[in-house]
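Asks: I have a structure here, written as structure tokens, and I will follow up with some questions on it.
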Amino acid sequence: MTGEQVGTGMPKVLLVDDNPVMITTLRAILQLSQFHVTTATNVVEALHLIDTEDFDVLLSDLHMPGAADGFTVVSAMRHKNPQAITLLFTGFPALKEAMDTILLQADEVLVKPMAPDALVKVIRERLKEAGMRVQADAERVATILERDALTTIADWLGRVEREHELTYVPLSREARTGHLPKLIEELVHRLRVPRELGTKQVSEAAVAHGKIRQTQGYSISMIVEESRILQVSIFDTLRKNLDTVDFSLLLMDVMTIADECDSQLKQTLSSFMAQAAESAK
């Protein structure tokens with residue numbers, strides 16, 4: 001763990017990477033570009049520095065030995081210093097798009113190798129934006145989902161209408177989305193009145209949805225795909241509200257969403273099969 005003082009009044013960068021070559025190279029690049037650089041080679045060092053010092057920028061590798069190490073460091077920085085710029089490096093280009101999800105708290109994901117001048121440009125531009133950033137009041141996930149329920153439903157419908165498998169059964173938009181307001185309402189309630197993950201509770205909307213989809217001619221695979229897309233749309237709604245979301249409870253809320261959506265899907269499928277058995281009599 002080393003701190004390199006190269007001048008006063010310079011932006012302070014915390015550089016986190018378990019690769020000594022990357023540490024040496026990036027530190028030299030940043031110092032030549034008039035940044036004050038402090039380095040850490042593992043999460044424990046990084047967390048200690050975040051807890052004891054103030055930084056303007058976090059530049060961390062995503063893929064270190066520990067599971068989700070990059071996310072751990074970013075999350076810590078977000079909590080300790082919300083105004084700091086947080087940048088993650090990944091060596092997998094395909095992962096960059098995947099990281100643009102609700103679980104990503106970083107300001108930007110960078111794909112390495114990256115040209116030194118491009119890296120410095122990104123950092124300076126982000127610092128400039130940070131100077132103009134106004135801190136918004138934090139909102140709970142439940143509040144965001146309740147407020148943007150119609151936006152989430154519209155996003156879901158747009159995604160569904162691009163899937164031939166799901167449009168094979170011709171339905172009006174009202175018939176296709178009729179179950180969603182109640183499902184989202186139940187999800188919001190679950191977020192506000194938490195219970196242990198895995199605890200079963202009857203979802204009236206899910207049960208009704210299963211029965212209706214069976215009479216409409218859906219298949220089990222279609223219902224599963226609809227549920228998957230719903231989670232994508234929910235997380236996309238949260239992604240669009242990252243500026244205001246309450247990060248202190250975000251991880252638990254995301255786990256709750258996944259658990260509730262899974263529970264709703266199971267009840268929908270059970271209801272679907274029960275309705276099919278009843279119709280076959």
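Each chain in the structure tokens gets a letter, A, B and so on, in the order shown; residues start at 1 in every chain, and ligands are counted from 1 in the order they appear.
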Quick one: everything within 10 Å of A:Val13, counting only C-alpha atoms, minus sequence neighbours fewer than 2 positions away in the same chain. Send it as a ChimeraX atom specification.
Replies: /A:3,10-11,15-16,27,30-31,35-39,54-59,84-86,123
Asks: Where does DSSP see strand (DSSP E or B) in stretch 103-229 of chain A, if you list the residues as an MDAnalysis selection string?
Replies: chainID A and resid 108:111 139
Asks: Write a file of the just-selected residues containing C-alpha atoms, as a PDB file, in the first residue's frame.
Replies:
```pdb
ATOM      1  CA  GLU A 108     -18.168   3.898 -16.052  1.00  0.00           C
ATOM      2  CA  VAL A 109     -16.685   0.551 -17.081  1.00  0.00           C
ATOM      3  CA  LEU A 110     -13.454   0.759 -19.071  1.00  0.00           C
ATOM      4  CA  VAL A 111     -12.107  -2.027 -21.272  1.00  0.00           C
ATOM      5  CA  GLU A 139     -34.941   7.012  -2.765  1.00  0.00           C
TER       6      GLU A 139
END
```
Asks: What lies within 7 Å of stretch 177-185 of chain A using only C-alpha atoms, ignoring chain neighbours under 2 positions off, as a list in words?
Replies: Ile153, Arg173, Glu174, Ala175, Leu187, Val188, His189, Ala205, Ala206 and His209 of chain A
Asks: To one decimal place in Å, what is the distance between atom CA of A:Leu62 and atom CA of A:Arg140?
Replies: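 Interatomic distance here is 26.4 Å.
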Asks: Could you write out, as a tab-separated table (two decimals) with N, CA and C atoms, in the first residue's frame, all the residues of stretch 15-263 of chain A that DSSP marks as alpha helix (DSSP H)?
Replies:
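This went into states.tsv:
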```tsv
chain	number	residue	atom	x	y	z
A	20	PRO	N	1.00	-6.19	-10.28
A	20	PRO	CA	2.02	-5.17	-10.03
A	20	PRO	C	2.43	-4.40	-11.28
A	21	VAL	N	2.39	-5.06	-12.44
A	21	VAL	CA	2.75	-4.38	-13.68
A	21	VAL	C	1.73	-3.29	-14.00
A	22	MET	N	0.43	-3.62	-13.84
A	22	MET	CA	-0.62	-2.64	-14.08
A	22	MET	C	-0.50	-1.47	-13.09
A	23	ILE	N	-0.23	-1.79	-11.84
A	23	ILE	CA	-0.08	-0.75	-10.82
A	23	ILE	C	1.03	0.22	-11.21
A	24	THR	N	2.20	-0.33	-11.58
A	24	THR	CA	3.35	0.50	-11.94
A	24	THR	C	3.07	1.35	-13.17
A	25	THR	N	2.47	0.72	-14.18
A	25	THR	CA	2.20	1.42	-15.44
A	25	THR	C	1.19	2.54	-15.26
A	26	LEU	N	0.04	2.20	-14.64
A	26	LEU	CA	-1.02	3.19	-14.48
A	26	LEU	C	-0.61	4.32	-13.53
A	27	ARG	N	0.14	3.97	-12.49
A	27	ARG	CA	0.60	5.01	-11.57
A	27	ARG	C	1.49	6.02	-12.29
A	28	ALA	N	2.39	5.52	-13.13
A	28	ALA	CA	3.29	6.41	-13.87
A	28	ALA	C	2.50	7.30	-14.83
A	29	ILE	N	1.53	6.72	-15.52
A	29	ILE	CA	0.71	7.49	-16.47
A	29	ILE	C	-0.04	8.60	-15.75
A	30	LEU	N	-0.65	8.26	-14.63
A	30	LEU	CA	-1.46	9.23	-13.90
A	30	LEU	C	-0.61	10.31	-13.25
A	31	GLN	N	0.55	9.94	-12.74
A	31	GLN	CA	1.42	10.93	-12.12
A	31	GLN	C	1.94	11.92	-13.17
A	32	LEU	N	2.27	11.42	-14.35
A	32	LEU	CA	2.73	12.30	-15.42
A	32	LEU	C	1.62	13.26	-15.86
A	43	VAL	N	-8.29	-5.87	-1.81
A	43	VAL	CA	-9.49	-5.22	-1.29
A	43	VAL	C	-9.30	-4.72	0.14
A	44	VAL	N	-8.59	-5.49	0.97
A	44	VAL	CA	-8.40	-5.07	2.36
A	44	VAL	C	-7.66	-3.74	2.41
A	45	GLU	N	-6.60	-3.60	1.62
A	45	GLU	CA	-5.86	-2.34	1.58
A	45	GLU	C	-6.75	-1.21	1.07
A	46	ALA	N	-7.50	-1.51	0.01
A	46	ALA	CA	-8.37	-0.49	-0.59
A	46	ALA	C	-9.42	0.00	0.40
A	47	LEU	N	-10.04	-0.92	1.11
A	47	LEU	CA	-11.09	-0.55	2.05
A	47	LEU	C	-10.53	0.30	3.19
A	48	HIS	N	-9.31	-0.03	3.63
A	48	HIS	CA	-8.68	0.76	4.70
A	48	HIS	C	-8.42	2.18	4.22
A	49	LEU	N	-7.93	2.32	3.00
A	49	LEU	CA	-7.64	3.64	2.45
A	49	LEU	C	-8.93	4.45	2.27
A	50	ILE	N	-9.96	3.79	1.77
A	50	ILE	CA	-11.24	4.48	1.58
A	50	ILE	C	-11.79	4.98	2.90
A	51	ASP	N	-11.58	4.19	3.95
A	51	ASP	CA	-12.11	4.54	5.27
A	51	ASP	C	-11.32	5.65	5.94
A	52	THR	N	-10.04	5.80	5.58
A	52	THR	CA	-9.18	6.74	6.30
A	52	THR	C	-8.77	7.97	5.49
A	69	ASP	N	-14.68	-8.56	-6.16
A	69	ASP	CA	-13.83	-7.60	-5.46
A	69	ASP	C	-14.03	-6.18	-5.96
A	70	GLY	N	-14.09	-6.02	-7.28
A	70	GLY	CA	-14.27	-4.68	-7.83
A	70	GLY	C	-15.53	-4.02	-7.33
A	71	PHE	N	-16.60	-4.79	-7.25
A	71	PHE	CA	-17.87	-4.25	-6.76
A	71	PHE	C	-17.78	-3.86	-5.29
A	72	THR	N	-17.05	-4.67	-4.52
A	72	THR	CA	-16.89	-4.38	-3.10
A	72	THR	C	-16.22	-3.04	-2.89
A	73	VAL	N	-15.16	-2.78	-3.65
A	73	VAL	CA	-14.42	-1.53	-3.53
A	73	VAL	C	-15.29	-0.35	-3.96
A	74	VAL	N	-15.99	-0.51	-5.09
A	74	VAL	CA	-16.85	0.56	-5.58
A	74	VAL	C	-17.96	0.87	-4.58
A	75	SER	N	-18.57	-0.17	-4.04
A	75	SER	CA	-19.65	0.02	-3.07
A	75	SER	C	-19.15	0.78	-1.85
A	76	ALA	N	-17.96	0.42	-1.37
A	76	ALA	CA	-17.40	1.10	-0.21
A	76	ALA	C	-17.16	2.58	-0.50
A	77	MET	N	-16.63	2.87	-1.68
A	77	MET	CA	-16.38	4.26	-2.05
A	77	MET	C	-17.69	5.04	-2.18
A	78	ARG	N	-18.70	4.41	-2.75
A	78	ARG	CA	-20.00	5.08	-2.90
A	78	ARG	C	-20.58	5.48	-1.54
A	79	HIS	N	-20.39	4.59	-0.55
A	79	HIS	CA	-20.94	4.88	0.77
A	79	HIS	C	-20.11	5.92	1.51
A	80	LYS	N	-18.78	5.82	1.43
A	80	LYS	CA	-17.91	6.73	2.17
A	80	LYS	C	-17.84	8.09	1.50
A	93	PRO	N	-14.28	-7.33	-23.15
A	93	PRO	CA	-15.15	-6.36	-23.83
A	93	PRO	C	-16.63	-6.70	-23.76
A	94	ALA	N	-16.95	-8.00	-23.88
A	94	ALA	CA	-18.37	-8.40	-23.87
A	94	ALA	C	-19.01	-8.12	-22.52
A	95	LEU	N	-18.17	-8.04	-21.47
A	95	LEU	CA	-18.71	-7.83	-20.14
A	95	LEU	C	-19.11	-6.38	-19.90
A	96	LYS	N	-18.55	-5.46	-20.70
A	96	LYS	CA	-18.81	-4.04	-20.49
A	96	LYS	C	-20.30	-3.74	-20.55
A	97	GLU	N	-20.97	-4.27	-21.59
A	97	GLU	CA	-22.41	-4.01	-21.72
A	97	GLU	C	-23.17	-4.68	-20.61
A	98	ALA	N	-22.74	-5.90	-20.25
A	98	ALA	CA	-23.43	-6.63	-19.19
A	98	ALA	C	-23.33	-5.90	-17.85
A	99	MET	N	-22.25	-5.16	-17.66
A	99	MET	CA	-22.06	-4.45	-16.41
A	99	MET	C	-22.95	-3.23	-16.27
A	116	PRO	N	-3.32	5.45	-22.89
A	116	PRO	CA	-3.13	6.37	-21.75
A	116	PRO	C	-3.86	7.69	-21.91
A	117	ASP	N	-3.79	8.29	-23.11
A	117	ASP	CA	-4.45	9.59	-23.28
A	117	ASP	C	-5.96	9.46	-23.17
A	118	ALA	N	-6.51	8.31	-23.62
A	118	ALA	CA	-7.95	8.09	-23.52
A	118	ALA	C	-8.37	7.93	-22.06
A	119	LEU	N	-7.55	7.23	-21.27
A	119	LEU	CA	-7.85	7.05	-19.86
A	119	LEU	C	-7.85	8.39	-19.13
A	120	VAL	N	-6.81	9.17	-19.35
A	120	VAL	CA	-6.71	10.48	-18.70
A	120	VAL	C	-7.88	11.37	-19.11
A	121	LYS	N	-8.28	11.30	-20.38
A	121	LYS	CA	-9.40	12.10	-20.86
A	121	LYS	C	-10.69	11.73	-20.15
A	122	VAL	N	-10.93	10.42	-19.99
A	122	VAL	CA	-12.14	9.97	-19.30
A	122	VAL	C	-12.16	10.48	-17.87
A	123	ILE	N	-11.04	10.36	-17.18
A	123	ILE	CA	-10.98	10.81	-15.78
A	123	ILE	C	-11.24	12.30	-15.67
A	124	ARG	N	-10.60	13.09	-16.53
A	124	ARG	CA	-10.78	14.55	-16.46
A	124	ARG	C	-12.22	14.95	-16.80
A	125	GLU	N	-12.81	14.28	-17.79
A	125	GLU	CA	-14.19	14.60	-18.15
A	125	GLU	C	-15.15	14.25	-17.02
A	126	ARG	N	-14.91	13.11	-16.39
A	126	ARG	CA	-15.76	12.70	-15.27
A	126	ARG	C	-15.62	13.64	-14.08
A	127	LEU	N	-14.41	14.09	-13.84
A	127	LEU	CA	-14.19	15.04	-12.75
A	127	LEU	C	-14.91	16.36	-13.01
A	128	LYS	N	-14.91	16.78	-14.26
A	128	LYS	CA	-15.58	18.01	-14.63
A	128	LYS	C	-17.10	17.87	-14.41
A	129	GLU	N	-17.64	16.71	-14.81
A	129	GLU	CA	-19.06	16.45	-14.62
A	129	GLU	C	-19.41	16.40	-13.14
A	130	ALA	N	-18.50	15.82	-12.34
A	130	ALA	CA	-18.76	15.69	-10.90
A	130	ALA	C	-18.87	17.05	-10.25
A	131	GLY	N	-18.12	18.02	-10.76
A	131	GLY	CA	-18.17	19.35	-10.21
A	131	GLY	C	-19.51	20.02	-10.40
A	141	VAL	N	-35.79	1.65	-3.31
A	141	VAL	CA	-36.14	0.92	-4.53
A	141	VAL	C	-37.65	0.81	-4.67
A	142	ALA	N	-38.34	0.55	-3.58
A	142	ALA	CA	-39.80	0.41	-3.62
A	142	ALA	C	-40.46	1.68	-4.15
A	143	THR	N	-39.96	2.84	-3.71
A	143	THR	CA	-40.52	4.11	-4.15
A	143	THR	C	-40.32	4.31	-5.65
A	144	ILE	N	-39.13	3.97	-6.13
A	144	ILE	CA	-38.83	4.12	-7.56
A	144	ILE	C	-39.71	3.20	-8.40
A	145	LEU	N	-39.85	1.95	-7.98
A	145	LEU	CA	-40.65	1.00	-8.76
A	145	LEU	C	-42.13	1.36	-8.74
A	146	GLU	N	-42.60	1.88	-7.63
A	146	GLU	CA	-44.00	2.29	-7.55
A	146	GLU	C	-44.26	3.49	-8.44
A	147	ARG	N	-43.36	4.45	-8.40
A	147	ARG	CA	-43.52	5.67	-9.20
A	147	ARG	C	-43.41	5.39	-10.70
A	149	ALA	N	-43.92	2.48	-12.33
A	149	ALA	CA	-44.54	1.21	-12.71
A	149	ALA	C	-44.97	1.21	-14.17
A	150	LEU	N	-45.58	2.29	-14.62
A	150	LEU	CA	-46.05	2.35	-16.02
A	150	LEU	C	-44.88	2.33	-16.99
A	151	THR	N	-43.78	2.98	-16.62
A	151	THR	CA	-42.58	2.97	-17.45
A	151	THR	C	-42.01	1.56	-17.55
A	152	THR	N	-41.99	0.85	-16.43
A	152	THR	CA	-41.49	-0.53	-16.41
A	152	THR	C	-42.36	-1.42	-17.28
A	153	ILE	N	-43.67	-1.25	-17.19
A	153	ILE	CA	-44.60	-2.06	-17.98
A	153	ILE	C	-44.41	-1.77	-19.47
A	154	ALA	N	-44.25	-0.51	-19.82
A	154	ALA	CA	-44.04	-0.15	-21.22
A	154	ALA	C	-42.74	-0.74	-21.75
A	155	ASP	N	-41.70	-0.72	-20.92
A	155	ASP	CA	-40.42	-1.32	-21.31
A	155	ASP	C	-40.58	-2.82	-21.51
A	156	TRP	N	-41.27	-3.45	-20.58
A	156	TRP	CA	-41.53	-4.90	-20.68
A	156	TRP	C	-42.27	-5.23	-21.96
A	157	LEU	N	-43.31	-4.48	-22.25
A	157	LEU	CA	-44.10	-4.76	-23.45
A	157	LEU	C	-43.25	-4.61	-24.71
A	158	GLY	N	-42.43	-3.57	-24.74
A	158	GLY	CA	-41.56	-3.37	-25.90
A	158	GLY	C	-40.63	-4.54	-26.12
A	159	ARG	N	-40.06	-5.06	-25.04
A	159	ARG	CA	-39.16	-6.21	-25.15
A	159	ARG	C	-39.92	-7.47	-25.58
A	160	VAL	N	-41.11	-7.66	-25.02
A	160	VAL	CA	-41.92	-8.83	-25.36
A	160	VAL	C	-42.32	-8.81	-26.83
A	164	HIS	N	-40.52	-13.23	-31.02
A	164	HIS	CA	-41.52	-13.94	-31.82
A	164	HIS	C	-42.23	-15.01	-31.00
A	165	GLU	N	-41.48	-15.69	-30.12
A	165	GLU	CA	-42.08	-16.75	-29.31
A	165	GLU	C	-43.24	-16.22	-28.48
A	166	LEU	N	-43.12	-15.00	-28.00
A	166	LEU	CA	-44.13	-14.45	-27.09
A	166	LEU	C	-45.27	-13.78	-27.82
A	167	THR	N	-45.06	-13.41	-29.08
A	167	THR	CA	-46.15	-12.79	-29.85
A	167	THR	C	-46.86	-13.82	-30.72
A	173	ARG	N	-52.67	-5.37	-26.26
A	173	ARG	CA	-51.68	-4.93	-25.29
A	173	ARG	C	-52.24	-5.00	-23.87
A	174	GLU	N	-53.51	-4.70	-23.74
A	174	GLU	CA	-54.15	-4.75	-22.42
A	174	GLU	C	-54.16	-6.17	-21.87
A	175	ALA	N	-54.48	-7.13	-22.74
A	175	ALA	CA	-54.52	-8.53	-22.32
A	175	ALA	C	-53.12	-9.05	-22.00
A	176	ARG	N	-52.13	-8.57	-22.75
A	176	ARG	CA	-50.77	-9.06	-22.54
A	176	ARG	C	-50.16	-8.52	-21.25
A	177	THR	N	-50.52	-7.29	-20.88
A	177	THR	CA	-49.90	-6.66	-19.70
A	177	THR	C	-50.82	-6.60	-18.49
A	180	LEU	N	-49.46	-7.30	-14.92
A	180	LEU	CA	-48.26	-6.62	-14.41
A	180	LEU	C	-48.50	-5.59	-13.30
A	181	PRO	N	-49.52	-4.73	-13.40
A	181	PRO	CA	-49.70	-3.75	-12.32
A	181	PRO	C	-49.81	-4.40	-10.94
A	182	LYS	N	-50.57	-5.49	-10.86
A	182	LYS	CA	-50.74	-6.15	-9.56
A	182	LYS	C	-49.47	-6.84	-9.11
A	183	LEU	N	-48.74	-7.47	-10.05
A	183	LEU	CA	-47.48	-8.13	-9.69
A	183	LEU	C	-46.49	-7.11	-9.14
A	184	ILE	N	-46.38	-5.96	-9.80
A	184	ILE	CA	-45.46	-4.93	-9.34
A	184	ILE	C	-45.91	-4.36	-8.00
A	185	GLU	N	-47.22	-4.21	-7.84
A	185	GLU	CA	-47.76	-3.73	-6.56
A	185	GLU	C	-47.37	-4.68	-5.43
A	186	GLU	N	-47.49	-5.99	-5.68
A	186	GLU	CA	-47.11	-6.97	-4.66
A	186	GLU	C	-45.61	-6.91	-4.38
A	187	LEU	N	-44.82	-6.70	-5.43
A	187	LEU	CA	-43.37	-6.61	-5.26
A	187	LEU	C	-43.00	-5.40	-4.41
A	188	VAL	N	-43.64	-4.27	-4.67
A	188	VAL	CA	-43.39	-3.06	-3.90
A	188	VAL	C	-43.74	-3.28	-2.42
A	189	HIS	N	-44.86	-3.95	-2.19
A	189	HIS	CA	-45.26	-4.26	-0.82
A	189	HIS	C	-44.23	-5.14	-0.14
A	190	ARG	N	-43.72	-6.13	-0.87
A	190	ARG	CA	-42.70	-7.04	-0.31
A	190	ARG	C	-41.44	-6.26	0.06
A	191	LEU	N	-41.07	-5.28	-0.74
A	191	LEU	CA	-39.88	-4.48	-0.45
A	191	LEU	C	-40.08	-3.60	0.78
A	192	ARG	N	-41.31	-3.16	0.98
A	192	ARG	CA	-41.59	-2.28	2.13
A	192	ARG	C	-41.88	-3.05	3.41
A	204	GLU	N	-51.73	-13.48	-5.16
A	204	GLU	CA	-53.01	-13.60	-5.87
A	204	GLU	C	-52.85	-13.26	-7.35
A	205	ALA	N	-52.00	-12.27	-7.64
A	205	ALA	CA	-51.80	-11.87	-9.02
A	205	ALA	C	-51.13	-12.98	-9.83
A	206	ALA	N	-50.15	-13.65	-9.23
A	206	ALA	CA	-49.44	-14.73	-9.92
A	206	ALA	C	-50.37	-15.91	-10.19
A	207	VAL	N	-51.19	-16.26	-9.20
A	207	VAL	CA	-52.13	-17.37	-9.36
A	207	VAL	C	-53.12	-17.06	-10.48
A	208	ALA	N	-53.68	-15.87	-10.47
A	208	ALA	CA	-54.63	-15.47	-11.51
A	208	ALA	C	-53.96	-15.44	-12.88
A	209	HIS	N	-52.72	-14.98	-12.91
A	209	HIS	CA	-51.99	-14.90	-14.17
A	209	HIS	C	-51.80	-16.28	-14.80
A	210	GLY	N	-51.47	-17.26	-13.98
A	210	GLY	CA	-51.28	-18.62	-14.49
A	210	GLY	C	-52.54	-19.17	-15.13
A	211	LYS	N	-53.67	-18.94	-14.48
A	211	LYS	CA	-54.93	-19.43	-15.01
A	211	LYS	C	-55.27	-18.76	-16.34
A	212	ILE	N	-55.07	-17.44	-16.39
A	212	ILE	CA	-55.40	-16.69	-17.60
A	212	ILE	C	-54.50	-17.10	-18.76
A	213	ARG	N	-53.19	-17.23	-18.50
A	213	ARG	CA	-52.27	-17.60	-19.57
A	213	ARG	C	-52.58	-18.99	-20.12
A	214	GLN	N	-53.05	-19.89	-19.27
A	214	GLN	CA	-53.39	-21.23	-19.75
A	214	GLN	C	-54.57	-21.17	-20.72
A	215	THR	N	-55.56	-20.36	-20.39
A	215	THR	CA	-56.72	-20.25	-21.28
A	215	THR	C	-56.38	-19.48	-22.56
A	216	GLN	N	-55.33	-18.68	-22.50
A	216	GLN	CA	-54.93	-17.90	-23.68
A	216	GLN	C	-54.05	-18.69	-24.64
A	220	ILE	N	-45.47	-23.18	-21.02
A	220	ILE	CA	-44.67	-22.93	-19.83
A	220	ILE	C	-43.43	-22.11	-20.16
A	221	SER	N	-42.78	-22.44	-21.27
A	221	SER	CA	-41.56	-21.70	-21.65
A	221	SER	C	-41.86	-20.23	-21.90
A	222	MET	N	-43.03	-19.94	-22.44
A	222	MET	CA	-43.41	-18.55	-22.68
A	222	MET	C	-43.58	-17.79	-21.37
A	223	ILE	N	-44.17	-18.43	-20.39
A	223	ILE	CA	-44.37	-17.80	-19.08
A	223	ILE	C	-43.03	-17.54	-18.42
A	224	VAL	N	-42.13	-18.51	-18.51
A	224	VAL	CA	-40.79	-18.33	-17.93
A	224	VAL	C	-40.06	-17.16	-18.59
A	225	GLU	N	-40.17	-17.08	-19.90
A	225	GLU	CA	-39.51	-15.99	-20.63
A	225	GLU	C	-40.12	-14.64	-20.26
A	226	GLU	N	-41.42	-14.58	-20.11
A	226	GLU	CA	-42.07	-13.34	-19.68
A	226	GLU	C	-41.54	-12.88	-18.32
A	227	SER	N	-41.36	-13.84	-17.42
A	227	SER	CA	-40.86	-13.52	-16.09
A	227	SER	C	-39.43	-13.02	-16.15
A	228	ARG	N	-38.62	-13.65	-16.98
A	228	ARG	CA	-37.23	-13.21	-17.13
A	228	ARG	C	-37.18	-11.76	-17.63
A	229	ILE	N	-38.00	-11.46	-18.62
A	229	ILE	CA	-38.02	-10.11	-19.18
A	229	ILE	C	-38.51	-9.10	-18.15
A	230	LEU	N	-39.44	-9.52	-17.29
A	230	LEU	CA	-39.92	-8.61	-16.26
A	230	LEU	C	-38.79	-8.20	-15.34
A	231	GLN	N	-37.95	-9.14	-14.94
A	231	GLN	CA	-36.81	-8.80	-14.09
A	231	GLN	C	-35.86	-7.84	-14.81
A	232	VAL	N	-35.63	-8.09	-16.09
A	232	VAL	CA	-34.77	-7.20	-16.87
A	232	VAL	C	-35.34	-5.78	-16.88
A	233	SER	N	-36.63	-5.67	-17.09
A	233	SER	CA	-37.27	-4.35	-17.15
A	233	SER	C	-37.24	-3.65	-15.78
A	234	ILE	N	-37.44	-4.41	-14.72
A	234	ILE	CA	-37.38	-3.84	-13.37
A	234	ILE	C	-35.98	-3.30	-13.09
A	235	PHE	N	-34.97	-4.10	-13.41
A	235	PHE	CA	-33.60	-3.67	-13.15
A	235	PHE	C	-33.21	-2.50	-14.06
A	236	ASP	N	-33.78	-2.45	-15.25
A	236	ASP	CA	-33.48	-1.33	-16.14
A	236	ASP	C	-34.08	-0.04	-15.58
A	237	THR	N	-35.27	-0.15	-15.00
A	237	THR	CA	-35.88	1.02	-14.36
A	237	THR	C	-34.99	1.54	-13.23
A	238	LEU	N	-34.43	0.62	-12.46
A	238	LEU	CA	-33.55	1.03	-11.37
A	238	LEU	C	-32.25	1.62	-11.92
A	239	ARG	N	-31.73	1.04	-12.99
A	239	ARG	CA	-30.51	1.57	-13.60
A	239	ARG	C	-30.69	3.03	-14.01
A	250	LEU	N	-29.54	-1.21	-1.34
A	250	LEU	CA	-29.73	-1.69	-2.71
A	250	LEU	C	-29.52	-3.19	-2.86
A	251	LEU	N	-28.44	-3.72	-2.29
A	251	LEU	CA	-28.15	-5.13	-2.47
A	251	LEU	C	-29.28	-6.01	-1.93
A	252	MET	N	-29.76	-5.70	-0.73
A	252	MET	CA	-30.85	-6.48	-0.15
A	252	MET	C	-32.12	-6.33	-0.98
A	253	ASP	N	-32.39	-5.13	-1.48
A	253	ASP	CA	-33.58	-4.92	-2.30
A	253	ASP	C	-33.50	-5.71	-3.60
A	254	VAL	N	-32.31	-5.76	-4.21
A	254	VAL	CA	-32.14	-6.53	-5.44
A	254	VAL	C	-32.35	-8.01	-5.18
A	255	MET	N	-31.83	-8.51	-4.06
A	255	MET	CA	-32.04	-9.92	-3.68
A	255	MET	C	-33.53	-10.19	-3.45
A	256	THR	N	-34.21	-9.24	-2.84
A	256	THR	CA	-35.64	-9.39	-2.58
A	256	THR	C	-36.43	-9.43	-3.89
A	257	ILE	N	-36.06	-8.57	-4.83
A	257	ILE	CA	-36.73	-8.56	-6.14
A	257	ILE	C	-36.59	-9.91	-6.81
A	258	ALA	N	-35.36	-10.44	-6.84
A	258	ALA	CA	-35.12	-11.73	-7.48
A	258	ALA	C	-35.92	-12.84	-6.79
A	259	ASP	N	-35.95	-12.80	-5.46
A	259	ASP	CA	-36.67	-13.82	-4.70
A	259	ASP	C	-38.17	-13.73	-4.94
A	260	GLU	N	-38.71	-12.52	-4.96
A	260	GLU	CA	-40.15	-12.34	-5.16
A	260	GLU	C	-40.56	-12.73	-6.58
A	261	CYS	N	-39.76	-12.33	-7.56
A	261	CYS	CA	-40.08	-12.70	-8.95
A	261	CYS	C	-40.05	-14.20	-9.14
A	262	ASP	N	-39.09	-14.86	-8.49
A	262	ASP	CA	-39.00	-16.32	-8.56
A	262	ASP	C	-40.22	-16.96	-7.90
A	263	SER	N	-40.64	-16.41	-6.75
A	263	SER	CA	-41.81	-16.94	-6.06
A	263	SER	C	-43.07	-16.75	-6.90
```
